[in-house]
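> Contents of protein.cif (mmCIF, N, CA and C atoms) are given next:
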data_input
#
loop_
_atom_site.label_atom_id
_atom_site.label_comp_id
_atom_site.auth_asym_id
_atom_site.auth_seq_id
_atom_site.Cartn_x
_atom_site.Cartn_y
_atom_site.Cartn_z
N MET A 297 0.85 -1.18 0.00
CA MET A 297 0.00 0.00 0.00
C MET A 297 0.89 1.24 0.00
N SER A 298 0.55 2.20 -0.81
CA SER A 298 1.36 3.42 -0.90
C SER A 298 1.17 4.29 0.34
N ARG A 299 2.09 5.20 0.52
CA ARG A 299 2.03 6.11 1.68
C ARG A 299 0.77 6.99 1.62
N GLU A 300 0.39 7.43 0.43
CA GLU A 300 -0.81 8.26 0.28
C GLU A 300 -2.06 7.49 0.68
N ALA A 301 -2.12 6.21 0.33
CA ALA A 301 -3.29 5.40 0.69
C ALA A 301 -3.33 5.16 2.19
N GLN A 302 -2.16 5.01 2.83
CA GLN A 302 -2.13 4.79 4.28
C GLN A 302 -2.62 6.00 5.04
N THR A 303 -2.25 7.19 4.62
CA THR A 303 -2.68 8.38 5.34
C THR A 303 -4.17 8.65 5.16
N SER A 304 -4.73 8.18 4.06
CA SER A 304 -6.17 8.40 3.85
C SER A 304 -7.01 7.41 4.65
N LEU A 305 -6.41 6.33 5.12
CA LEU A 305 -7.13 5.32 5.89
C LEU A 305 -6.88 5.52 7.39
N ARG A 306 -7.19 6.67 7.90
CA ARG A 306 -6.99 6.97 9.31
C ARG A 306 -8.06 6.25 10.12
N LYS A 307 -7.65 5.58 11.16
CA LYS A 307 -8.58 4.82 11.97
C LYS A 307 -9.11 5.68 13.12
N THR A 308 -10.38 5.55 13.37
CA THR A 308 -11.00 6.25 14.49
C THR A 308 -11.46 5.23 15.52
N ILE A 309 -11.57 5.68 16.76
CA ILE A 309 -12.03 4.80 17.84
C ILE A 309 -13.18 5.48 18.58
N ARG A 310 -14.07 4.65 19.08
CA ARG A 310 -15.19 5.16 19.86
C ARG A 310 -14.82 5.18 21.33
N ARG A 311 -15.73 5.68 22.15
CA ARG A 311 -15.47 5.87 23.57
C ARG A 311 -15.03 4.59 24.28
N GLN A 312 -15.70 3.48 24.03
CA GLN A 312 -15.36 2.23 24.71
C GLN A 312 -13.94 1.78 24.37
N GLN A 313 -13.55 1.93 23.11
CA GLN A 313 -12.19 1.58 22.72
C GLN A 313 -11.18 2.53 23.35
N LEU A 314 -11.54 3.80 23.46
CA LEU A 314 -10.66 4.78 24.10
C LEU A 314 -10.45 4.41 25.56
N ARG A 315 -11.50 3.97 26.23
CA ARG A 315 -11.38 3.57 27.64
C ARG A 315 -10.42 2.40 27.81
N GLU A 316 -10.38 1.49 26.83
CA GLU A 316 -9.47 0.35 26.90
C GLU A 316 -8.02 0.78 26.71
N ILE A 317 -7.81 1.83 25.93
CA ILE A 317 -6.45 2.31 25.64
C ILE A 317 -5.96 3.28 26.71
N VAL A 318 -6.83 4.20 27.12
CA VAL A 318 -6.46 5.25 28.08
C VAL A 318 -7.29 5.06 29.34
N PRO A 319 -6.68 4.61 30.43
CA PRO A 319 -7.45 4.33 31.65
C PRO A 319 -7.74 5.57 32.49
N LEU A 320 -8.44 6.52 31.90
CA LEU A 320 -8.84 7.73 32.61
C LEU A 320 -10.36 7.83 32.59
N ALA A 321 -10.92 8.51 33.57
CA ALA A 321 -12.36 8.72 33.63
C ALA A 321 -12.80 9.64 32.50
N ASP A 322 -14.05 9.49 32.08
CA ASP A 322 -14.60 10.33 31.01
C ASP A 322 -14.47 11.81 31.34
N THR A 323 -14.75 12.17 32.60
CA THR A 323 -14.67 13.58 32.97
C THR A 323 -13.24 14.10 32.92
N THR A 324 -12.28 13.26 33.26
CA THR A 324 -10.88 13.67 33.19
C THR A 324 -10.48 13.91 31.74
N ILE A 325 -10.89 13.01 30.86
CA ILE A 325 -10.59 13.17 29.44
C ILE A 325 -11.25 14.43 28.90
N TYR A 326 -12.51 14.65 29.26
CA TYR A 326 -13.23 15.84 28.81
C TYR A 326 -12.53 17.11 29.28
N ASP A 327 -12.15 17.15 30.56
CA ASP A 327 -11.46 18.33 31.09
C ASP A 327 -10.13 18.56 30.37
N MET A 328 -9.39 17.49 30.12
CA MET A 328 -8.11 17.62 29.43
C MET A 328 -8.31 18.09 27.99
N GLU A 329 -9.37 17.63 27.34
CA GLU A 329 -9.69 18.12 25.99
C GLU A 329 -9.97 19.61 26.01
N GLN A 330 -10.73 20.06 26.99
CA GLN A 330 -11.08 21.47 27.07
C GLN A 330 -9.85 22.35 27.29
N ARG A 331 -8.85 21.82 28.00
CA ARG A 331 -7.61 22.56 28.24
C ARG A 331 -6.59 22.39 27.11
N GLY A 332 -6.91 21.55 26.11
CA GLY A 332 -6.00 21.32 25.00
C GLY A 332 -4.90 20.33 25.33
N GLU A 333 -5.09 19.50 26.35
CA GLU A 333 -4.07 18.55 26.79
C GLU A 333 -4.33 17.13 26.29
N PHE A 334 -5.39 16.93 25.53
CA PHE A 334 -5.75 15.60 25.03
C PHE A 334 -6.33 15.78 23.63
N PRO A 335 -6.15 14.80 22.74
CA PRO A 335 -6.72 14.92 21.39
C PRO A 335 -8.22 15.19 21.41
N GLN A 336 -8.67 16.06 20.53
CA GLN A 336 -10.08 16.44 20.48
C GLN A 336 -10.93 15.35 19.83
N ARG A 337 -12.07 15.11 20.41
CA ARG A 337 -13.05 14.21 19.80
C ARG A 337 -13.73 14.95 18.66
N PHE A 338 -14.35 14.20 17.78
CA PHE A 338 -15.16 14.82 16.74
C PHE A 338 -16.35 13.92 16.45
N TYR A 339 -17.37 14.51 15.87
CA TYR A 339 -18.63 13.81 15.62
C TYR A 339 -18.67 13.28 14.20
N LEU A 340 -18.97 11.98 14.08
CA LEU A 340 -19.25 11.41 12.76
C LEU A 340 -20.71 11.64 12.40
N THR A 341 -21.56 11.50 13.41
CA THR A 341 -22.99 11.82 13.26
C THR A 341 -23.38 12.60 14.51
N SER A 342 -24.65 12.93 14.61
CA SER A 342 -25.09 13.69 15.78
C SER A 342 -24.97 12.89 17.07
N ARG A 343 -24.86 11.56 16.99
CA ARG A 343 -24.76 10.73 18.19
C ARG A 343 -23.48 9.92 18.29
N CYS A 344 -22.63 9.98 17.31
CA CYS A 344 -21.42 9.15 17.28
C CYS A 344 -20.18 10.02 17.42
N VAL A 345 -19.52 9.88 18.57
CA VAL A 345 -18.31 10.63 18.87
C VAL A 345 -17.12 9.69 18.72
N VAL A 346 -16.04 10.17 18.06
CA VAL A 346 -14.85 9.35 17.87
C VAL A 346 -13.59 10.19 18.10
N TRP A 347 -12.47 9.48 18.27
CA TRP A 347 -11.16 10.09 18.38
C TRP A 347 -10.29 9.48 17.30
N ASP A 348 -9.32 10.22 16.82
CA ASP A 348 -8.36 9.72 15.84
C ASP A 348 -7.35 8.85 16.61
N LEU A 349 -7.25 7.57 16.23
CA LEU A 349 -6.37 6.64 16.94
C LEU A 349 -4.92 7.08 16.88
N ALA A 350 -4.47 7.58 15.75
CA ALA A 350 -3.08 8.03 15.63
C ALA A 350 -2.78 9.18 16.60
N GLU A 351 -3.74 10.10 16.76
CA GLU A 351 -3.54 11.21 17.71
C GLU A 351 -3.48 10.71 19.14
N VAL A 352 -4.33 9.75 19.48
CA VAL A 352 -4.34 9.19 20.85
C VAL A 352 -3.03 8.45 21.11
N GLU A 353 -2.57 7.66 20.15
CA GLU A 353 -1.30 6.95 20.32
C GLU A 353 -0.13 7.91 20.43
N ALA A 354 -0.14 8.98 19.65
CA ALA A 354 0.92 9.99 19.75
C ALA A 354 0.89 10.67 21.11
N TRP A 355 -0.31 10.94 21.64
CA TRP A 355 -0.45 11.55 22.97
C TRP A 355 0.12 10.61 24.03
N LEU A 356 -0.20 9.31 23.92
CA LEU A 356 0.32 8.33 24.88
C LEU A 356 1.85 8.29 24.84
N GLU A 357 2.41 8.29 23.65
CA GLU A 357 3.86 8.24 23.53
C GLU A 357 4.51 9.51 24.11
N ALA A 358 3.89 10.65 23.87
CA ALA A 358 4.41 11.90 24.45
C ALA A 358 4.36 11.85 25.97
N ARG A 359 3.27 11.31 26.52
CA ARG A 359 3.17 11.19 27.98
C ARG A 359 4.21 10.22 28.52
N ARG A 360 4.46 9.14 27.79
CA ARG A 360 5.47 8.17 28.21
C ARG A 360 6.84 8.83 28.24
N GLN A 361 7.17 9.58 27.20
CA GLN A 361 8.47 10.27 27.14
C GLN A 361 8.59 11.31 28.25
N ALA A 362 7.53 12.06 28.49
CA ALA A 362 7.56 13.07 29.55
C ALA A 362 7.72 12.42 30.92
N SER A 363 7.09 11.28 31.10
CA SER A 363 7.19 10.58 32.37
C SER A 363 8.61 10.09 32.61
N ARG A 364 9.21 9.56 31.56
CA ARG A 364 10.59 9.06 31.68
C ARG A 364 11.56 10.21 31.93
N ALA A 365 11.26 11.36 31.38
CA ALA A 365 12.14 12.52 31.55
C ALA A 365 11.82 13.28 32.84
N LYS A 366 10.86 12.78 33.59
CA LYS A 366 10.44 13.41 34.85
C LYS A 366 9.91 14.82 34.62
N ALA A 367 9.30 15.05 33.45
CA ALA A 367 8.79 16.37 33.10
C ALA A 367 7.35 16.58 33.54
N LEU A 368 6.66 15.50 33.93
CA LEU A 368 5.28 15.63 34.36
C LEU A 368 5.22 16.02 35.83
N LYS A 369 4.36 16.95 36.13
CA LYS A 369 4.18 17.36 37.52
C LYS A 369 3.30 16.31 38.20
N ARG A 370 3.77 15.76 39.28
CA ARG A 370 3.03 14.73 40.00
C ARG A 370 2.37 15.33 41.22
N ALA A 371 1.28 14.73 41.61
CA ALA A 371 0.56 15.18 42.80
C ALA A 371 1.39 14.83 44.03
N PRO A 372 1.38 15.69 45.04
CA PRO A 372 2.13 15.38 46.26
C PRO A 372 1.46 14.24 47.01
N ALA A 373 2.25 13.51 47.76
CA ALA A 373 1.70 12.42 48.58
C ALA A 373 0.83 13.03 49.68
N PRO A 374 -0.30 12.40 49.98
CA PRO A 374 -1.16 12.97 51.01
C PRO A 374 -0.55 12.80 52.40
N ASP A 375 -0.83 13.76 53.26
CA ASP A 375 -0.37 13.68 54.65
C ASP A 375 -1.45 12.94 55.44
N VAL A 376 -1.21 11.66 55.70
CA VAL A 376 -2.23 10.84 56.35
C VAL A 376 -2.50 11.26 57.79
N ARG A 377 -1.61 12.05 58.36
CA ARG A 377 -1.82 12.50 59.74
C ARG A 377 -2.94 13.53 59.82
N LEU A 378 -3.32 14.13 58.70
CA LEU A 378 -4.37 15.14 58.68
C LEU A 378 -5.76 14.56 58.43
N ARG A 379 -5.85 13.26 58.28
CA ARG A 379 -7.15 12.64 58.01
C ARG A 379 -8.08 12.82 59.18
N LYS A 380 -9.36 13.06 58.89
CA LYS A 380 -10.36 13.21 59.95
C LYS A 380 -11.01 11.88 60.27
N SER A 381 -11.13 11.01 59.28
CA SER A 381 -11.65 9.67 59.54
C SER A 381 -10.50 8.68 59.40
N ARG A 382 -10.56 7.63 60.15
CA ARG A 382 -9.51 6.62 60.18
C ARG A 382 -8.14 7.23 60.42
N PRO A 383 -7.96 7.94 61.52
CA PRO A 383 -6.65 8.53 61.78
C PRO A 383 -5.58 7.45 61.94
N VAL A 384 -4.37 7.80 61.64
CA VAL A 384 -3.26 6.87 61.75
C VAL A 384 -2.91 6.72 63.22
N ARG A 385 -2.82 5.47 63.65
CA ARG A 385 -2.46 5.22 65.05
C ARG A 385 -0.95 5.37 65.22
N GLN A 386 -0.59 6.00 66.30
CA GLN A 386 0.83 6.12 66.62
C GLN A 386 1.27 4.82 67.27
N GLN A 387 2.31 4.22 66.71
CA GLN A 387 2.82 2.96 67.27
C GLN A 387 3.76 3.26 68.41
N ALA A 388 3.63 2.46 69.45
CA ALA A 388 4.53 2.63 70.60
C ALA A 388 5.92 2.14 70.21
N ARG A 389 6.89 2.97 70.50
CA ARG A 389 8.26 2.58 70.18
C ARG A 389 8.83 1.78 71.34
N THR A 390 9.41 0.66 71.01
CA THR A 390 10.06 -0.17 72.02
C THR A 390 11.55 -0.16 71.77
N SER A 391 12.26 0.68 72.50
CA SER A 391 13.71 0.74 72.33
C SER A 391 14.40 0.54 73.63
#
Kindly transcribe the structure held in the file into structure tokens.


Amino acid sequence: MSREAQTSLRKTIRRQQLREIVPLADTTIYDMEQRGEFPQRFYLTSRCVVWDLAEVEAWLEARRQASRAKALKRAPAPDVRLRKSRPVRQQARTS
């Protein structure tokens, strides 16, 4: 198959397939789309929403590279001592 024919056969995926590839909640994906941090969905019909598979795969690869380069900002670890329910018990030290 020629290169021109390959580019014209772009594969799209629906929401269920996207969930299998990207393990994020729908609301997280929607929020990231709105901020321009995730590939934009588009409508094939008034009820059928799809994503371009090549764009999603490129996004995943970029995230993988950023993670390896430690370029992604990570959430801080929670301070369990501040919990209001199920407080952490202080263990008696035996020295």

> Enter the distance from atom C of A:Ser363 to atom N of A:Met328, in Å, rounded to one decimal.

19.6 Å

> Work out how far atom CA of A:Trp347 is from atom CA of A:Phe334, in Å to one decimal.

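Rounded to one decimal, the two atoms are 10.2 Å apart.
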
> Using atom CA of A:Val318 and atom CA of A:Gln336 as the two end points, give the distance in Å to one decimal.

14.0 Å

> As an NGL selection string, please: every residue in chain A that DSSP puts in alpha helix (DSSP H).

:A and (299-304 or 311-317 or 322-330 or 349-364)

> So, with only C-alpha atoms as the atoms that count, which of A:Pro335, A:Gln313, A:Ala362, A:Gln330 lies closest to A:Ala350?

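Among the listed residues, A:Pro335 lies closest to A:Ala350.
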
> As an MDAnalysis selection string, please: every residue in chain A that DSSP puts in strand (DSSP E).

chainID A and resid 308:309 338:339 345:348

> Neighbours of stretch 307-311 of chain A within 8 Å (only N, CA and C atoms; same-chain residues fewer than 6 positions away dropped), as a PyMOL selection string?

chain A and resi 317+344-351

> Which one is closest to A:Glu333: A:Val376, A:Ala371, A:Trp355, A:Lys366? Count only N, CA and C atoms.

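Distance minimum relative to A:Glu333 lands on A:Trp355.
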
> With C-alpha atoms as the atom set, please write chain A from the structure just given, as a CSV table (one decimal), in the first residue's frame.


chain,number,residue,atom,x,y,z
A,297,MET,CA,0.0,0.0,0.0
A,298,SER,CA,1.4,3.4,-0.9
A,299,ARG,CA,2.0,6.1,1.7
A,300,GLU,CA,-0.8,8.3,0.3
A,301,ALA,CA,-3.3,5.4,0.7
A,302,GLN,CA,-2.1,4.8,4.3
A,303,THR,CA,-2.7,8.4,5.3
A,304,SER,CA,-6.2,8.4,3.9
A,305,LEU,CA,-7.1,5.3,5.9
A,306,ARG,CA,-7.0,7.0,9.3
A,307,LYS,CA,-8.6,4.8,12.0
A,308,THR,CA,-11.0,6.3,14.5
A,309,ILE,CA,-12.0,4.8,17.8
A,310,ARG,CA,-15.2,5.2,19.9
A,311,ARG,CA,-15.5,5.9,23.6
A,312,GLN,CA,-15.4,2.2,24.7
A,313,GLN,CA,-12.2,1.6,22.7
A,314,LEU,CA,-10.7,4.8,24.1
A,315,ARG,CA,-11.4,3.6,27.6
A,316,GLU,CA,-9.5,0.4,26.9
A,317,ILE,CA,-6.5,2.3,25.6
A,318,VAL,CA,-6.5,5.3,28.1
A,319,PRO,CA,-7.4,4.3,31.6
A,320,LEU,CA,-8.8,7.7,32.6
A,321,ALA,CA,-12.4,8.7,33.6
A,322,ASP,CA,-14.6,10.3,31.0
A,323,THR,CA,-14.7,13.6,33.0
A,324,THR,CA,-10.9,13.7,33.2
A,325,ILE,CA,-10.6,13.2,29.4
A,326,TYR,CA,-13.2,15.8,28.8
A,327,ASP,CA,-11.5,18.3,31.1
A,328,MET,CA,-8.1,17.6,29.4
A,329,GLU,CA,-9.7,18.1,26.0
A,330,GLN,CA,-11.1,21.5,27.1
A,331,ARG,CA,-7.6,22.6,28.2
A,332,GLY,CA,-6.0,21.3,25.0
A,333,GLU,CA,-4.1,18.6,26.8
A,334,PHE,CA,-5.8,15.6,25.0
A,335,PRO,CA,-6.7,14.9,21.4
A,336,GLN,CA,-10.1,16.4,20.5
A,337,ARG,CA,-13.0,14.2,19.8
A,338,PHE,CA,-15.2,14.8,16.7
A,339,TYR,CA,-18.6,13.8,15.6
A,340,LEU,CA,-19.2,11.4,12.8
A,341,THR,CA,-23.0,11.8,13.3
A,342,SER,CA,-25.1,13.7,15.8
A,343,ARG,CA,-24.8,10.7,18.2
A,344,CYS,CA,-21.4,9.1,17.3
A,345,VAL,CA,-18.3,10.6,18.9
A,346,VAL,CA,-14.8,9.3,17.9
A,347,TRP,CA,-11.2,10.1,18.4
A,348,ASP,CA,-8.4,9.7,15.8
A,349,LEU,CA,-6.4,6.6,16.9
A,350,ALA,CA,-3.1,8.0,15.6
A,351,GLU,CA,-3.5,11.2,17.7
A,352,VAL,CA,-4.3,9.2,20.8
A,353,GLU,CA,-1.3,6.9,20.3
A,354,ALA,CA,0.9,10.0,19.7
A,355,TRP,CA,-0.4,11.5,23.0
A,356,LEU,CA,0.3,8.3,24.9
A,357,GLU,CA,3.9,8.2,23.5
A,358,ALA,CA,4.4,11.9,24.4
A,359,ARG,CA,3.2,11.2,28.0
A,360,ARG,CA,5.5,8.2,28.2
A,361,GLN,CA,8.5,10.3,27.1
A,362,ALA,CA,7.6,13.1,29.5
A,363,SER,CA,7.2,10.6,32.4
A,364,ARG,CA,10.6,9.1,31.7
A,365,ALA,CA,12.1,12.5,31.6
A,366,LYS,CA,10.4,13.4,34.8
A,367,ALA,CA,8.8,16.4,33.1
A,368,LEU,CA,5.3,15.6,34.4
A,369,LYS,CA,4.2,17.4,37.5
A,370,ARG,CA,3.0,14.7,40.0
A,371,ALA,CA,0.6,15.2,42.8
A,372,PRO,CA,2.1,15.4,46.3
A,373,ALA,CA,1.7,12.4,48.6
A,374,PRO,CA,-1.2,13.0,51.0
A,375,ASP,CA,-0.4,13.7,54.6
A,376,VAL,CA,-2.2,10.8,56.4
A,377,ARG,CA,-1.8,12.5,59.7
A,378,LEU,CA,-4.4,15.1,58.7
A,379,ARG,CA,-7.2,12.6,58.0
A,380,LYS,CA,-10.4,13.2,59.9
A,381,SER,CA,-11.6,9.7,59.5
A,382,ARG,CA,-9.5,6.6,60.2
A,383,PRO,CA,-6.6,8.5,61.8
A,384,VAL,CA,-3.3,6.9,61.7
A,385,ARG,CA,-2.5,5.2,65.0
A,386,GLN,CA,0.8,6.1,66.6
A,387,GLN,CA,2.8,3.0,67.3
A,388,ALA,CA,4.5,2.6,70.6
A,389,ARG,CA,8.3,2.6,70.2
A,390,THR,CA,10.1,-0.2,72.0
A,391,SER,CA,13.7,0.7,72.3
